[in-house]
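Everything on this sheet refers to the single structure shown next.
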Amino acid sequence: MYRRLILFGLGVCACALIALLVPLGLAARDIVQSDQLSRAAAQARSVANEWQQVGDRGDRFIEPDTDAPGKVTLISPEGEVQGPNPPQAQRAVQSAMRGGSASDLVDGWGYVTTPAYFDKEFGVVLVSLTPHEVREGLVPRLAALAGVSLMLLGIAAGAAWWLARRTVAPLTDLEVTANAVAAGDLTARAPHSSIIEIEHVGIALNRLTGRVQELLAEEREYTAELAHQLRTPLTVLSVDVDGVSDPVVRERLQDDLDGVHRMVDEIIKTARRTAREGLQAQCDA
């Protein structure tokens, strides 16, 4: 029962942690993705500002910073493209061509676009992020969640162990009391318990022990009465035998009477033996 209580407590805590970790993990993933897309958007705006400052309508492209994360693509107002132009990014590109910034996630890839203004026309700056770049920084967050979960599970294991000990301790006391009663100590009583069910079992055990004491007391009284009722007629017979004048007959009757005395003594001794009272002979060596 002790191990079952601990396993039950750990199972409940583990289910609760799993139910909590799944949404936390998804939230961490969304936060990381949002953070990476925000960084890509800032990079796209920086490239768009630099591109707009060129000011020469003949020179439609610049060389973006290759050290920044993600691949930068420039799409001129005439539709010329410098850099990769994946078809999955077309929705975000179309939004930037209408003058609005956009971000999109397609099959794990991240696409961020921002418009570059050239008079009344729009160029587009596209930043493409690989799935690895989109999830960059997610592993440390998940590791932190796993560490906190293990710590909470350890605390739950300690709490389950403590509660299991407190729950099982009254049952151990009942076992000690039952063993004491079985060994012949009819004065042993089960202690009180704060657990209602165990308290009821303890009360029933105490009531049973008390009833056994009452029955043994009644049996002792009955045995004493039996001894009195058997020995009184035998005493009368002894007096009558002593009054017989014939010595041969008197001796024969005395032998028979002695045999009856021995038989009665044996019956009374058997009725009073300690084994019938549930007691065991003990000796302090």
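Ordered as shown in the structure tokens, chains take letters A, B, and onward, while each chain numbers its residues from 1 and ligands are numbered from 1 in the order shown.
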message = Using DSSP assignments from the backbone, pull out every residue in range 122-269 of chain A that falls under helix (DSSP H, G or I) and give it to me as JSON, numbers by chain.
response = {"A": [131, 132, 133, 134, 138, 139, 140, 141, 142, 143, 144, 145, 146, 147, 148, 149, 150, 151, 152, 153, 154, 155, 156, 157, 158, 159, 160, 161, 162, 163, 164, 165, 166, 167, 168, 169, 170, 171, 172, 173, 174, 175, 176, 177, 178, 179, 180, 181, 182, 196, 197, 198, 199, 200, 201, 202, 203, 204, 205, 206, 207, 208, 209, 210, 211, 212, 213, 214, 215, 216, 217, 218, 219, 220, 221, 222, 223, 224, 225, 226, 227, 228, 229, 230, 231, 232, 233, 234, 235, 236, 237, 238, 239, 240, 241, 242, 247, 248, 249, 250, 251, 252, 253, 254, 255, 256, 257, 258, 259, 260, 261, 262, 263, 264, 265, 266, 267, 268, 269]}
Please list as an mmCIF file with C-alpha atoms, in the first residue's frame every residue within 9 Å of range 165-181 of chain A, counting only C-alpha atoms and excluding residues in the same chain fewer than 3 positions away.
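Okay, this is what ended up in part_14.cif:
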data_model
loop_
_atom_site.group_PDB
_atom_site.id
_atom_site.type_symbol
_atom_site.label_atom_id
_atom_site.label_comp_id
_atom_site.auth_asym_id
_atom_site.auth_seq_id
_atom_site.Cartn_x
_atom_site.Cartn_y
_atom_site.Cartn_z
ATOM 1 C CA MET A 1 0.000 0.000 0.000
ATOM 2 C CA TYR A 2 2.883 2.314 0.826
ATOM 3 C CA LEU A 5 0.249 5.485 -2.619
ATOM 4 C CA ALA A 160 3.882 11.830 -1.921
ATOM 5 C CA TRP A 161 6.393 9.966 0.258
ATOM 6 C CA TRP A 162 5.524 12.124 3.278
ATOM 7 C CA GLY A 184 -2.003 -12.477 24.795
ATOM 8 C CA ASP A 185 -1.919 -8.802 25.791
ATOM 9 C CA LEU A 186 -5.640 -8.117 26.030
ATOM 10 C CA THR A 187 -4.978 -4.666 27.476
ATOM 11 C CA ALA A 188 -3.529 -3.429 24.164
ATOM 12 C CA ARG A 189 -5.650 -0.810 22.428
ATOM 13 C CA ALA A 190 -5.410 0.807 19.007
ATOM 14 C CA PRO A 191 -4.541 4.527 19.149
ATOM 15 C CA HIS A 192 -6.774 7.213 17.679
ATOM 16 C CA SER A 193 -6.243 8.245 14.060
ATOM 17 C CA SER A 194 -7.114 11.380 12.118
ATOM 18 C CA ILE A 195 -8.173 9.186 9.168
ATOM 19 C CA ILE A 198 -8.769 3.796 10.048
ATOM 20 C CA GLU A 199 -10.315 5.279 13.205
ATOM 21 C CA VAL A 201 -11.243 -0.001 12.218
ATOM 22 C CA GLY A 202 -9.357 0.847 15.428
ATOM 23 C CA LEU A 205 -10.587 -3.759 17.087
ATOM 24 C CA THR A 209 -10.587 -7.005 22.387
ATOM 25 C CA GLY A 278 -5.475 -16.670 24.786
#
- Task: Tell me, as number ranges by chain, which residues lie within 9 Å of Ala227 in chain A, counting only C-alpha atoms; anything in the same chain fewer than 2 positions away does not count.
- Result: A: 222-225, 229-232, 264-265, 267-268
| query | Which polymer residues have any atom within 9 Å of an atom of Cys13 in chain A, counting only C-alpha atoms, with same-chain residues fewer than 2 positions away left out, as a list in words? | reply | Phe8, Gly9, Leu10, Gly11, Cys15, Ala16, Leu17, Ile18, Leu152, Leu153, Ala156 and Ala157 of chain A
How would the residues just chosen look if you wrote them out with C-alpha atoms as a short mmCIF file (atom, residue, chain, number, x, y, z; two decimals), in the first residue's frame?
data_model
loop_
_atom_site.label_atom_id
_atom_site.label_comp_id
_atom_site.auth_asym_id
_atom_site.auth_seq_id
_atom_site.Cartn_x
_atom_site.Cartn_y
_atom_site.Cartn_z
CA PHE A 8 -0.42 7.04 -7.37
CA GLY A 9 0.76 10.45 -6.18
CA LEU A 10 3.59 10.52 -8.71
CA GLY A 11 1.21 9.46 -11.48
CA CYS A 15 -0.21 13.81 -15.59
CA ALA A 16 -0.68 17.33 -14.25
CA LEU A 17 2.84 18.30 -15.36
CA ILE A 18 2.30 16.85 -18.83
CA LEU A 152 8.54 19.97 -9.39
CA LEU A 153 8.35 16.21 -9.89
CA ALA A 156 5.92 15.98 -5.67
CA ALA A 157 7.78 12.72 -4.97
#
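Taking only C-alpha atoms, the non-local environment of range 244-259 of chain A within 8 Å (same-chain residues fewer than 5 positions away omitted) comprises A:Leu234, A:Leu237, A:Ser238.
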Write the residues you've just listed into a file as an mmCIF file, in the first residue's frame, and include N, CA, C and O atoms for each of them.
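So part-v3.cif came out as:
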data_model
loop_
_atom_site.group_PDB
_atom_site.id
_atom_site.type_symbol
_atom_site.label_atom_id
_atom_site.label_comp_id
_atom_site.auth_asym_id
_atom_site.auth_seq_id
_atom_site.Cartn_x
_atom_site.Cartn_y
_atom_site.Cartn_z
ATOM 1 N N LEU A 234 -18.384 -34.263 46.220
ATOM 2 C CA LEU A 234 -17.298 -35.194 46.496
ATOM 3 C C LEU A 234 -16.872 -35.134 47.973
ATOM 4 O O LEU A 234 -16.485 -36.153 48.560
ATOM 5 N N LEU A 237 -19.336 -37.156 49.825
ATOM 6 C CA LEU A 237 -19.078 -38.577 49.608
ATOM 7 C C LEU A 237 -17.871 -39.046 50.435
ATOM 8 O O LEU A 237 -17.846 -40.175 50.951
ATOM 9 N N SER A 238 -16.869 -38.170 50.571
ATOM 10 C CA SER A 238 -15.702 -38.538 51.375
ATOM 11 C C SER A 238 -16.088 -38.776 52.832
ATOM 12 O O SER A 238 -15.616 -39.730 53.486
#
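Counting only C-alpha atoms, the residue from A:Leu138, A:Met97, A:Leu163, A:Ala204 that sits nearest to Lys120 in chain A is A:Met97.
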- Message: Give me, as a list of chain:residue names, all polymer residues having an atom no more than 9 Å from Gly108 in chain A, counting only C-alpha atoms and skipping those fewer than 6 positions away in the same chain.
- Response: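 Counting only the stated atoms, we get A:Leu129, A:Thr130, A:Pro131, A:His132, A:Val134, A:Arg135.
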What are the DSSP strand (DSSP E or B) residues of range 13-191 of chain A, as a PyMOL selection string? chain A and resi 71-75+81-82+102-106+109-118+121-129
Would you mind exporting the chosen residues as an mmCIF file, in the first residue's frame, restricted to N, CA and C atoms?
data_model
loop_
_atom_site.group_PDB
_atom_site.id
_atom_site.type_symbol
_atom_site.label_atom_id
_atom_site.label_comp_id
_atom_site.auth_asym_id
_atom_site.auth_seq_id
_atom_site.Cartn_x
_atom_site.Cartn_y
_atom_site.Cartn_z
ATOM 1 N N LYS A 71 18.118 34.935 -45.235
ATOM 2 C CA LYS A 71 18.534 35.333 -46.584
ATOM 3 C C LYS A 71 17.674 36.501 -47.036
ATOM 4 N N VAL A 72 18.335 37.560 -47.499
ATOM 5 C CA VAL A 72 17.640 38.782 -47.896
ATOM 6 C C VAL A 72 17.440 38.776 -49.412
ATOM 7 N N THR A 73 16.231 39.077 -49.815
ATOM 8 C CA THR A 73 15.886 39.172 -51.237
ATOM 9 C C THR A 73 15.319 40.562 -51.502
ATOM 10 N N LEU A 74 15.814 41.202 -52.589
ATOM 11 C CA LEU A 74 15.306 42.518 -52.989
ATOM 12 C C LEU A 74 14.510 42.356 -54.279
ATOM 13 N N ILE A 75 13.303 42.890 -54.280
ATOM 14 C CA ILE A 75 12.433 42.837 -55.449
ATOM 15 C C ILE A 75 12.120 44.278 -55.826
ATOM 16 N N VAL A 81 14.462 40.685 -59.422
ATOM 17 C CA VAL A 81 14.702 40.007 -58.150
ATOM 18 C C VAL A 81 16.194 39.806 -57.946
ATOM 19 N N GLN A 82 16.685 40.196 -56.777
ATOM 20 C CA GLN A 82 18.055 39.903 -56.374
ATOM 21 C C GLN A 82 17.995 38.992 -55.139
ATOM 22 N N ALA A 102 4.560 42.307 -43.793
ATOM 23 C CA ALA A 102 3.891 41.025 -43.571
ATOM 24 C C ALA A 102 4.906 39.998 -43.087
ATOM 25 N N SER A 103 4.407 38.999 -42.379
ATOM 26 C CA SER A 103 5.226 37.855 -41.953
ATOM 27 C C SER A 103 4.380 36.604 -42.104
ATOM 28 N N ASP A 104 5.043 35.493 -42.438
ATOM 29 C CA ASP A 104 4.302 34.271 -42.705
ATOM 30 C C ASP A 104 5.188 33.080 -42.355
ATOM 31 N N LEU A 105 4.545 31.996 -41.889
ATOM 32 C CA LEU A 105 5.220 30.728 -41.612
ATOM 33 C C LEU A 105 4.615 29.664 -42.520
ATOM 34 N N VAL A 106 5.463 29.043 -43.339
ATOM 35 C CA VAL A 106 5.009 28.023 -44.274
ATOM 36 C C VAL A 106 5.953 26.829 -44.173
ATOM 37 N N TRP A 109 9.276 27.272 -42.488
ATOM 38 C CA TRP A 109 10.083 28.397 -42.958
ATOM 39 C C TRP A 109 9.387 29.704 -42.588
ATOM 40 N N GLY A 110 10.189 30.723 -42.303
ATOM 41 C CA GLY A 110 9.641 32.029 -41.976
ATOM 42 C C GLY A 110 9.948 33.038 -43.071
ATOM 43 N N TYR A 111 8.940 33.829 -43.406
ATOM 44 C CA TYR A 111 9.112 34.840 -44.458
ATOM 45 C C TYR A 111 8.603 36.170 -43.917
ATOM 46 N N VAL A 112 9.457 37.194 -44.014
ATOM 47 C CA VAL A 112 9.109 38.531 -43.539
ATOM 48 C C VAL A 112 9.378 39.510 -44.677
ATOM 49 N N THR A 113 8.407 40.376 -44.960
ATOM 50 C CA THR A 113 8.568 41.368 -46.037
ATOM 51 C C THR A 113 8.241 42.747 -45.507
ATOM 52 N N THR A 114 8.879 43.744 -46.113
ATOM 53 C CA THR A 114 8.577 45.139 -45.797
ATOM 54 C C THR A 114 8.754 45.944 -47.081
ATOM 55 N N PRO A 115 7.956 46.971 -47.313
ATOM 56 C CA PRO A 115 8.081 47.741 -48.567
ATOM 57 C C PRO A 115 9.219 48.763 -48.498
ATOM 58 N N ALA A 116 9.808 49.007 -49.618
ATOM 59 C CA ALA A 116 10.776 50.096 -49.774
ATOM 60 C C ALA A 116 10.158 51.112 -50.728
ATOM 61 N N TYR A 117 10.099 52.387 -50.334
ATOM 62 C CA TYR A 117 9.352 53.397 -51.088
ATOM 63 C C TYR A 117 10.268 54.097 -52.080
ATOM 64 N N PHE A 118 9.866 54.080 -53.368
ATOM 65 C CA PHE A 118 10.554 54.797 -54.430
ATOM 66 C C PHE A 118 9.499 55.638 -55.152
ATOM 67 N N GLU A 121 6.170 54.132 -56.158
ATOM 68 C CA GLU A 121 6.278 52.695 -56.382
ATOM 69 C C GLU A 121 6.875 52.031 -55.137
ATOM 70 N N PHE A 122 6.661 50.739 -55.071
ATOM 71 C CA PHE A 122 7.144 49.974 -53.913
ATOM 72 C C PHE A 122 8.095 48.886 -54.375
ATOM 73 N N GLY A 123 9.238 48.849 -53.727
ATOM 74 C CA GLY A 123 10.089 47.689 -53.815
ATOM 75 C C GLY A 123 9.835 46.820 -52.579
ATOM 76 N N VAL A 124 10.296 45.614 -52.603
ATOM 77 C CA VAL A 124 10.027 44.681 -51.514
ATOM 78 C C VAL A 124 11.344 44.114 -51.000
ATOM 79 N N VAL A 125 11.474 44.142 -49.681
ATOM 80 C CA VAL A 125 12.598 43.463 -49.022
ATOM 81 C C VAL A 125 12.035 42.207 -48.358
ATOM 82 N N LEU A 126 12.578 41.061 -48.780
ATOM 83 C CA LEU A 126 12.127 39.769 -48.260
ATOM 84 C C LEU A 126 13.262 39.123 -47.468
ATOM 85 N N VAL A 127 12.957 38.730 -46.243
ATOM 86 C CA VAL A 127 13.919 37.991 -45.417
ATOM 87 C C VAL A 127 13.351 36.589 -45.201
ATOM 88 N N SER A 128 14.131 35.583 -45.636
ATOM 89 C CA SER A 128 13.700 34.194 -45.509
ATOM 90 C C SER A 128 14.488 33.520 -44.388
ATOM 91 N N LEU A 129 13.788 32.853 -43.480
ATOM 92 C CA LEU A 129 14.396 32.156 -42.354
ATOM 93 C C LEU A 129 14.194 30.653 -42.505
#
